[in-house]
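Worksheet for the structure shown next.
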Amino acid sequence: MEYSHRYSVYPTQEVAAELEYHIDVHRQAYNYTLYEYAHVDADNIGSAYKHHSRLPSWRDEFPVFSEVNSKALQRTVTRFYQNLSNLSDQKANGNKVGKLTWKSPREFQSMTYSQSGFELKNTSGRHATLWLSKIGDIKIRYHRNIPDEADIKEVTAKKETTGDWFVSFGLETDEDDLPEKPDVDSLNASNSVGVDLGILNYIHTSDGKTVDWLDLEDEYERLRREQRKLSRREQGSNNYEKQRKQVAKVKRHIRRKVLDYQHKVTTWLVREYDAVFVEDLDVKGMLEYKADLYGCHVVQVEATGTTKECASCGVETAKPIWVREHSCPSCGFECDRDANVAMNVLQRGFSELGLGWPEDTPVETALPTDTTSVSAKRVCRGSLDRLSDEV
């Protein structure tokens with residue numbers, strides 16, 4: 001299983017200059033890969049593997065490519081072909097796509113070491129040291145330990161628009177070291193959950209719990225203020241560049257806050273339940289790798305019709321978006337609209353796994369309540385526990 005951990009790094013001025021230089025060499029390598037892809041006989045290129053064989057001649061013709069790690073150089077060529085593959089996938093899905101173009105320095109701000117050329121050292125405290133081949137040691141804020149059972153396969157160094165540096169470790173864990181998932185036959189309505197991405201709430205679960213949308217009103221107001229300041233600066237001036245970084249820092253703060261929120265919610269779900277069933281949820285990918293880490297099943301179900309279909313009798317009833325309650329004209333079942341969707345997702349999840357659906361009781365609404373770290377309103381069946389402290 002593959003996943004990643006991200007850390008802030010604090011290079012010295014000298015090392016930061018080396019990082020910037022190496023990234024620019026990789027940018028040139030990326031652009032030269034694009035050039036050869038367009039101009040060299042297709043028998044000699046056409047895949048990352050074939051293109052890797054051309055790298056020795058690159059170093060002979062352009063000594064600058066000898067100044068960076070050879071494995072990292074191969075990874076940059078692979079990056080081009082991955083981007084090419086992503087474009088092909090989007091086109092196959094019916095999306096209008098352009099073509100790959102040369103990268104400017106602003107557009108290319110990272111490089112990846114793959115398999116070798118790096119070493120993580122001194123991990124006993126809150127800071128660690130990352131050694132990169134041909135660059136040297138970099139101080140890391142080691143806020144989260146890398147699991148003992150995980151192997152570091154890749155290291156990506158990136159400079160963000162704020163000017164700050166980060167590294168991401170691509171980790172791989174052998175499936176034998178992962179916790180065993182519960183037997184499918186042991187799943188039931190009490191240890192499984194259907195999840196709906198709601199309108200009034202971030203998520204709504206089939207057992208009646210809800211998690212509110214993250215309140216970012218203050219953050220977005222600050223972003224608007226900083227953007228107004230930027231609009232008054234003369235483009236290209238030192239003051240403009242200083243304010244541009246300030247805007248970038250606010251945007252980064254918002255992204256981090258959202259990601260942290262998603263991590264907490266998804267961790268709570270996979271630790272709380274043995275099986276989580278979802279539609280096209282934004283955090284599905286995050287759920288899947290965490291489910292492997294915590295021994296939980298995650299299953300995606302067909303989303304079509306979950307809003308219209310009654311979770312009690314299956315009769316479909318059209319509902320405009322502003323109608324927030326489900327009221328079935330056939331069986332009389334009433335509940336919150338999103339709760340009905342979540343219960344349909346749960347039922348479809350059981351069907352997807354070939355399991356029967358047990359009898360269940362309707363939900364009834366309850367007053368808002370708060371958890372330790374997120375504000376949440378709940379819908380309860382009898383008396384439900386409050387959301388886990390993990391959220």
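Residues are referred to by chain and number: the chain letter is A, B, ... according to the order shown in the structure tokens, the number counts from 1 in that chain, and ligands are numbered separately from 1 in the order shown.
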Discussion item. List as a PyMOL selection string the protein and nucleic acid residues near Ser186 (chain A), meaning an atom at most 10 Å away when only C-alpha atoms are counted, but skip any in the same chain fewer than 5 places from it.
Written reply: chain A and resi 191+274+355
Find the residues around Arg75 (chain A) up to 9 Å (only C-alpha atoms counted), leave out those fewer than 2 positions away in its own chain, and share them as a compact mmCIF listing (two decimals) with C-alpha atoms, in the first residue's frame.
```
# COMPACT_ATOMS: atom_id res chain seq x y z
CA ALA A 48 9.39 6.53 -19.66
CA SER A 70 20.60 10.17 -11.82
CA LYS A 71 17.58 8.47 -10.21
CA ALA A 72 15.94 11.85 -9.66
CA LEU A 73 16.56 12.66 -13.33
CA VAL A 77 11.28 11.94 -17.24
CA THR A 78 8.67 9.64 -15.69
CA ARG A 79 6.81 12.72 -14.45
CA PHE A 80 6.41 13.89 -18.06
CA MET A 111 11.77 17.40 -7.76
CA THR A 112 11.56 13.78 -6.66
CA TYR A 113 14.24 11.33 -5.55
CA SER A 114 13.11 7.76 -6.20
```
Enumerate as a CSV table (one decimal) with C-alpha atoms, in the first residue's frame all residues of region 191-352 of chain A assigned to strand (DSSP E) by DSSP on the backbone, naming them with the chain letters and numbers the document uses.
```csv
chain,number,residue,atom,x,y,z
A,192,SER,CA,-21.1,-0.2,9.3
A,193,VAL,CA,-22.1,3.2,8.0
A,194,GLY,CA,-23.3,4.9,4.9
A,195,VAL,CA,-21.9,8.4,4.3
A,196,ASP,CA,-23.5,11.2,2.3
A,197,LEU,CA,-21.8,14.5,1.5
A,203,ILE,CA,-21.2,14.7,6.0
A,204,HIS,CA,-24.4,12.8,7.2
A,205,THR,CA,-24.1,9.2,8.3
A,210,THR,CA,-23.6,14.7,11.2
A,211,VAL,CA,-20.4,16.8,11.0
A,275,ALA,CA,-17.1,-0.8,6.9
A,276,VAL,CA,-17.7,2.7,5.4
A,277,PHE,CA,-19.8,3.0,2.2
A,278,VAL,CA,-19.6,6.2,0.1
A,297,HIS,CA,-13.6,-1.8,4.5
A,298,VAL,CA,-14.4,1.1,2.2
A,299,VAL,CA,-16.8,0.5,-0.7
A,300,GLN,CA,-18.0,3.0,-3.3
A,325,GLU,CA,-36.9,16.6,4.4
A,326,HIS,CA,-37.7,13.2,2.9
A,327,SER,CA,-41.4,12.3,3.1
A,334,GLU,CA,-40.1,10.8,7.1
A,335,CYS,CA,-36.6,11.9,7.9
A,336,ASP,CA,-33.9,14.4,7.0
```
Fill in: Selection near Asn83 (chain A), 12 Å with only C-alpha atoms, sequence-local residues under 6 positions removed, as a PyMOL selection string
chain A and resi 30+33-34+47-48+76-77+89-90+97-101
Worksheet entry | Near-Leu216 (chain A) list (10 Å; only C-alpha atoms; drop same-chain fewer than 4 positions) as number ranges by chain | A: 220-222, 254, 257-258
With all heavy atoms retained, could you export that selection as a PDB file, in the first residue's frame?
```pdb
ATOM      1  N   TYR A 220     -11.545  33.459   4.845  1.00  0.00           N
ATOM      2  CA  TYR A 220     -11.826  34.003   3.516  1.00  0.00           C
ATOM      3  C   TYR A 220     -11.936  35.528   3.534  1.00  0.00           C
ATOM      4  O   TYR A 220     -11.598  36.190   2.555  1.00  0.00           O
ATOM      5  CB  TYR A 220     -13.102  33.386   2.949  1.00  0.00           C
ATOM      6  CG  TYR A 220     -12.864  32.033   2.336  1.00  0.00           C
ATOM      7  CD1 TYR A 220     -13.446  30.879   2.874  1.00  0.00           C
ATOM      8  CD2 TYR A 220     -12.048  31.888   1.224  1.00  0.00           C
ATOM      9  CE1 TYR A 220     -13.216  29.637   2.312  1.00  0.00           C
ATOM     10  CE2 TYR A 220     -11.809  30.649   0.655  1.00  0.00           C
ATOM     11  CZ  TYR A 220     -12.396  29.527   1.208  1.00  0.00           C
ATOM     12  OH  TYR A 220     -12.156  28.293   0.649  1.00  0.00           O
ATOM     13  N   GLU A 221     -12.384  36.079   4.657  1.00  0.00           N
ATOM     14  CA  GLU A 221     -12.419  37.533   4.769  1.00  0.00           C
ATOM     15  C   GLU A 221     -10.999  38.098   4.791  1.00  0.00           C
ATOM     16  O   GLU A 221     -10.711  39.117   4.160  1.00  0.00           O
ATOM     17  CB  GLU A 221     -13.166  37.943   6.041  1.00  0.00           C
ATOM     18  CG  GLU A 221     -13.181  39.439   6.313  1.00  0.00           C
ATOM     19  CD  GLU A 221     -13.742  40.265   5.164  1.00  0.00           C
ATOM     20  OE1 GLU A 221     -14.669  39.775   4.487  1.00  0.00           O
ATOM     21  OE2 GLU A 221     -13.247  41.391   4.938  1.00  0.00           O
ATOM     22  N   ARG A 222     -10.112  37.412   5.500  1.00  0.00           N
ATOM     23  CA  ARG A 222      -8.714  37.844   5.511  1.00  0.00           C
ATOM     24  C   ARG A 222      -8.111  37.734   4.109  1.00  0.00           C
ATOM     25  O   ARG A 222      -7.364  38.607   3.668  1.00  0.00           O
ATOM     26  CB  ARG A 222      -7.904  36.988   6.480  1.00  0.00           C
ATOM     27  CG  ARG A 222      -6.454  37.444   6.577  1.00  0.00           C
ATOM     28  CD  ARG A 222      -5.612  36.513   7.402  1.00  0.00           C
ATOM     29  NE  ARG A 222      -4.205  36.891   7.354  1.00  0.00           N
ATOM     30  CZ  ARG A 222      -3.205  36.106   7.744  1.00  0.00           C
ATOM     31  NH1 ARG A 222      -3.465  34.896   8.211  1.00  0.00           N
ATOM     32  NH2 ARG A 222      -1.962  36.523   7.653  1.00  0.00           N
ATOM     33  N   ILE A 254      -5.580  28.174   4.499  1.00  0.00           N
ATOM     34  CA  ILE A 254      -6.917  27.631   4.256  1.00  0.00           C
ATOM     35  C   ILE A 254      -6.822  26.188   3.789  1.00  0.00           C
ATOM     36  O   ILE A 254      -7.558  25.315   4.267  1.00  0.00           O
ATOM     37  CB  ILE A 254      -7.665  28.498   3.218  1.00  0.00           C
ATOM     38  CG1 ILE A 254      -7.953  29.896   3.798  1.00  0.00           C
ATOM     39  CG2 ILE A 254      -8.971  27.828   2.790  1.00  0.00           C
ATOM     40  CD1 ILE A 254      -8.549  30.871   2.804  1.00  0.00           C
ATOM     41  N   LYS A 257      -5.969  23.935   6.679  1.00  0.00           N
ATOM     42  CA  LYS A 257      -7.073  23.777   7.624  1.00  0.00           C
ATOM     43  C   LYS A 257      -8.111  22.803   7.085  1.00  0.00           C
ATOM     44  O   LYS A 257      -8.629  21.955   7.819  1.00  0.00           O
ATOM     45  CB  LYS A 257      -7.711  25.137   7.901  1.00  0.00           C
ATOM     46  CG  LYS A 257      -8.576  25.168   9.154  1.00  0.00           C
ATOM     47  CD  LYS A 257      -8.905  26.592   9.565  1.00  0.00           C
ATOM     48  CE  LYS A 257      -9.698  26.596  10.876  1.00  0.00           C
ATOM     49  NZ  LYS A 257      -9.997  27.974  11.329  1.00  0.00           N
ATOM     50  N   VAL A 258      -8.403  22.911   5.787  1.00  0.00           N
ATOM     51  CA  VAL A 258      -9.352  21.987   5.159  1.00  0.00           C
ATOM     52  C   VAL A 258      -8.808  20.564   5.182  1.00  0.00           C
ATOM     53  O   VAL A 258      -9.524  19.615   5.521  1.00  0.00           O
ATOM     54  CB  VAL A 258      -9.654  22.431   3.711  1.00  0.00           C
ATOM     55  CG1 VAL A 258     -10.457  21.358   2.979  1.00  0.00           C
ATOM     56  CG2 VAL A 258     -10.422  23.750   3.706  1.00  0.00           C
TER      57      VAL A 258
END
```
Discussion item. Give me the residues near Val15 (chain A) as a PyMOL selection string, where near means some atom within 12 Å (using only C-alpha atoms) and where sequence neighbours in that chain fewer than 3 positions away do not count.
Written reply: chain A and resi 9-12+18-22+130-139+165
Go ahead and save the residues from that selection, with N, CA, C and O atoms, as a CSV table (one decimal), in the first residue's frame.
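Saved file out_17.csv follows:
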```csv
chain,number,residue,atom,x,y,z
A,9,VAL,N,10.4,21.9,6.0
A,9,VAL,CA,11.8,21.8,6.1
A,9,VAL,C,12.4,23.2,6.1
A,9,VAL,O,11.8,24.1,5.7
A,10,TYR,N,13.6,23.3,6.7
A,10,TYR,CA,14.2,24.6,6.9
A,10,TYR,C,15.7,24.6,6.4
A,10,TYR,O,16.6,24.4,7.2
A,11,PRO,N,15.9,24.7,5.1
A,11,PRO,CA,17.2,24.6,4.6
A,11,PRO,C,18.0,25.9,4.9
A,11,PRO,O,17.3,27.0,5.0
A,12,THR,N,19.3,25.9,5.0
A,12,THR,CA,20.1,27.1,5.1
A,12,THR,C,20.0,27.8,3.8
A,12,THR,O,19.6,27.3,2.8
A,18,GLU,N,21.0,25.6,-3.5
A,18,GLU,CA,21.2,24.4,-4.2
A,18,GLU,C,20.0,23.7,-4.6
A,18,GLU,O,19.8,23.2,-5.7
A,19,LEU,N,19.0,23.7,-3.7
A,19,LEU,CA,17.7,23.1,-4.1
A,19,LEU,C,17.0,23.8,-5.3
A,19,LEU,O,16.5,23.1,-6.2
A,20,GLU,N,17.1,25.1,-5.3
A,20,GLU,CA,16.5,25.9,-6.4
A,20,GLU,C,17.2,25.6,-7.7
A,20,GLU,O,16.6,25.4,-8.7
A,21,TYR,N,18.5,25.4,-7.6
A,21,TYR,CA,19.3,25.2,-8.8
A,21,TYR,C,19.0,23.8,-9.3
A,21,TYR,O,18.8,23.6,-10.6
A,22,HIS,N,18.9,22.8,-8.4
A,22,HIS,CA,18.6,21.4,-8.9
A,22,HIS,C,17.2,21.3,-9.5
A,22,HIS,O,17.0,20.7,-10.5
A,130,LEU,N,17.2,15.3,6.8
A,130,LEU,CA,17.1,14.6,5.5
A,130,LEU,C,18.4,14.9,4.7
A,130,LEU,O,18.7,16.1,4.4
A,131,TRP,N,19.0,13.9,4.2
A,131,TRP,CA,20.2,14.0,3.4
A,131,TRP,C,19.8,13.7,1.9
A,131,TRP,O,19.1,12.7,1.7
A,132,LEU,N,20.1,14.6,1.0
A,132,LEU,CA,19.8,14.5,-0.4
A,132,LEU,C,21.1,14.4,-1.2
A,132,LEU,O,22.0,15.3,-1.0
A,133,SER,N,21.2,13.5,-2.0
A,133,SER,CA,22.5,13.3,-2.9
A,133,SER,C,22.7,14.6,-3.6
A,133,SER,O,21.8,15.2,-4.2
A,134,LYS,N,24.0,15.0,-3.6
A,134,LYS,CA,24.5,16.2,-4.3
A,134,LYS,C,23.9,17.5,-3.8
A,134,LYS,O,24.2,18.6,-4.4
A,135,ILE,N,23.2,17.5,-2.7
A,135,ILE,CA,22.7,18.7,-2.1
A,135,ILE,C,23.2,18.8,-0.6
A,135,ILE,O,23.7,19.8,-0.2
A,136,GLY,N,23.0,17.8,0.2
A,136,GLY,CA,23.4,17.8,1.5
A,136,GLY,C,22.3,17.6,2.5
A,136,GLY,O,21.2,17.1,2.2
A,137,ASP,N,22.5,18.0,3.8
A,137,ASP,CA,21.6,17.8,4.9
A,137,ASP,C,20.6,19.0,5.0
A,137,ASP,O,20.9,20.2,4.8
A,138,ILE,N,19.3,18.6,5.3
A,138,ILE,CA,18.3,19.6,5.4
A,138,ILE,C,17.5,19.3,6.7
A,138,ILE,O,17.2,18.1,7.0
A,139,LYS,N,17.3,20.3,7.5
A,139,LYS,CA,16.5,20.2,8.8
A,139,LYS,C,15.0,20.0,8.5
A,139,LYS,O,14.5,20.8,7.8
A,165,TRP,N,9.6,25.8,2.2
A,165,TRP,CA,10.0,24.5,1.6
A,165,TRP,C,9.3,23.4,2.4
A,165,TRP,O,9.1,23.4,3.6
```
Discussion item. Set the distance at 12 Å and use only C-alpha atoms: which residues neighbour Phe65 (chain A) once local chain neighbours fewer than 3 positions away are removed? I'd like the list as a PyMOL selection string.
Written reply: chain A and resi 21-30+32+54-62+68-74+76
Would you mind exporting the chosen residues as a tab-separated table (two decimals), in the first residue's frame, restricted to N, CA, C and O atoms?
```tsv
chain	number	residue	atom	x	y	z
A	21	TYR	N	18.55	25.44	-7.60
A	21	TYR	CA	19.33	25.15	-8.81
A	21	TYR	C	18.99	23.77	-9.34
A	21	TYR	O	18.78	23.59	-10.55
A	22	HIS	N	18.94	22.78	-8.45
A	22	HIS	CA	18.63	21.41	-8.89
A	22	HIS	C	17.23	21.33	-9.49
A	22	HIS	O	17.02	20.66	-10.51
A	23	ILE	N	16.27	22.00	-8.87
A	23	ILE	CA	14.91	21.99	-9.41
A	23	ILE	C	14.88	22.61	-10.80
A	23	ILE	O	14.18	22.13	-11.70
A	24	ASP	N	15.67	23.66	-11.01
A	24	ASP	CA	15.69	24.27	-12.34
A	24	ASP	C	16.33	23.36	-13.37
A	24	ASP	O	15.90	23.33	-14.53
A	25	VAL	N	17.33	22.59	-12.98
A	25	VAL	CA	17.90	21.61	-13.90
A	25	VAL	C	16.86	20.56	-14.26
A	25	VAL	O	16.73	20.15	-15.42
A	26	HIS	N	16.10	20.13	-13.27
A	26	HIS	CA	15.03	19.16	-13.54
A	26	HIS	C	13.95	19.77	-14.44
A	26	HIS	O	13.36	19.06	-15.27
A	27	ARG	N	13.70	21.05	-14.28
A	27	ARG	CA	12.75	21.72	-15.18
A	27	ARG	C	13.26	21.66	-16.62
A	27	ARG	O	12.49	21.36	-17.56
A	28	GLN	N	14.54	21.92	-16.79
A	28	GLN	CA	15.13	21.84	-18.13
A	28	GLN	C	15.04	20.41	-18.68
A	28	GLN	O	14.79	20.20	-19.88
A	29	ALA	N	15.22	19.42	-17.80
A	29	ALA	CA	15.12	18.02	-18.23
A	29	ALA	C	13.69	17.69	-18.65
A	29	ALA	O	13.47	16.97	-19.63
A	30	TYR	N	12.73	18.20	-17.91
A	30	TYR	CA	11.32	17.99	-18.25
A	30	TYR	C	11.02	18.59	-19.63
A	30	TYR	O	10.40	17.94	-20.48
A	32	TYR	N	13.14	19.23	-22.00
A	32	TYR	CA	13.88	18.54	-23.05
A	32	TYR	C	13.21	17.20	-23.38
A	32	TYR	O	13.24	16.73	-24.52
A	54	ARG	N	18.04	7.18	-22.82
A	54	ARG	CA	18.67	8.30	-23.52
A	54	ARG	C	19.43	9.22	-22.57
A	54	ARG	O	20.17	10.11	-23.01
A	55	LEU	N	19.25	9.01	-21.27
A	55	LEU	CA	19.85	9.94	-20.30
A	55	LEU	C	21.38	9.95	-20.31
A	55	LEU	O	21.99	11.02	-20.14
A	56	PRO	N	22.07	8.82	-20.51
A	56	PRO	CA	23.54	8.90	-20.59
A	56	PRO	C	24.02	9.82	-21.72
A	56	PRO	O	25.00	10.57	-21.54
A	57	SER	N	23.34	9.79	-22.86
A	57	SER	CA	23.74	10.68	-23.96
A	57	SER	C	23.42	12.13	-23.62
A	57	SER	O	24.13	13.04	-24.06
A	58	TRP	N	22.37	12.35	-22.83
A	58	TRP	CA	22.08	13.72	-22.36
A	58	TRP	C	23.27	14.26	-21.58
A	58	TRP	O	23.68	15.39	-21.78
A	59	ARG	N	23.79	13.44	-20.66
A	59	ARG	CA	24.87	13.91	-19.80
A	59	ARG	C	26.14	14.18	-20.60
A	59	ARG	O	26.91	15.08	-20.26
A	60	ASP	N	26.34	13.43	-21.66
A	60	ASP	CA	27.49	13.68	-22.52
A	60	ASP	C	27.34	14.98	-23.30
A	60	ASP	O	28.30	15.75	-23.44
A	61	GLU	N	26.12	15.23	-23.76
A	61	GLU	CA	25.88	16.41	-24.57
A	61	GLU	C	25.66	17.66	-23.73
A	61	GLU	O	26.07	18.76	-24.11
A	62	PHE	N	25.02	17.48	-22.56
A	62	PHE	CA	24.72	18.62	-21.68
A	62	PHE	C	25.22	18.28	-20.28
A	62	PHE	O	24.49	17.65	-19.49
A	68	VAL	N	22.93	16.61	-11.26
A	68	VAL	CA	21.81	16.20	-10.41
A	68	VAL	C	21.82	14.68	-10.28
A	68	VAL	O	22.45	13.97	-11.06
A	69	ASN	N	21.12	14.17	-9.30
A	69	ASN	CA	21.08	12.74	-9.04
A	69	ASN	C	20.45	12.00	-10.21
A	69	ASN	O	19.43	12.42	-10.76
A	70	SER	N	21.06	10.89	-10.62
A	70	SER	CA	20.60	10.17	-11.82
A	70	SER	C	19.20	9.57	-11.64
A	70	SER	O	18.39	9.59	-12.57
A	71	LYS	N	18.91	9.03	-10.46
A	71	LYS	CA	17.58	8.47	-10.21
A	71	LYS	C	16.51	9.56	-10.21
A	71	LYS	O	15.40	9.37	-10.69
A	72	ALA	N	16.87	10.73	-9.66
A	72	ALA	CA	15.94	11.85	-9.66
A	72	ALA	C	15.68	12.32	-11.09
A	72	ALA	O	14.55	12.72	-11.44
A	73	LEU	N	16.71	12.26	-11.93
A	73	LEU	CA	16.56	12.66	-13.33
A	73	LEU	C	15.60	11.70	-14.05
A	73	LEU	O	14.75	12.12	-14.84
A	74	GLN	N	15.74	10.41	-13.78
A	74	GLN	CA	14.81	9.44	-14.35
A	74	GLN	C	13.38	9.72	-13.89
A	74	GLN	O	12.43	9.63	-14.68
A	76	THR	N	12.07	12.56	-13.18
A	76	THR	CA	11.54	13.73	-13.89
A	76	THR	C	11.02	13.35	-15.27
A	76	THR	O	9.98	13.83	-15.72
```
Discussion item. Which residues are close to Trp213 (chain A), i.e. within 7 Å by only C-alpha atoms, leaving aside same-chain residues fewer than 2 positions away? Reply as a ChimeraX atom specification.
Written reply: /A:201-202,211,215
Practice prompt. From region 179-285 of chain A, collect each residue whose DSSP state is helix (DSSP H, G or I) and return the set as a PyMOL selection string.
Written response: chain A and resi 184-186+217-231+238-272+284-285
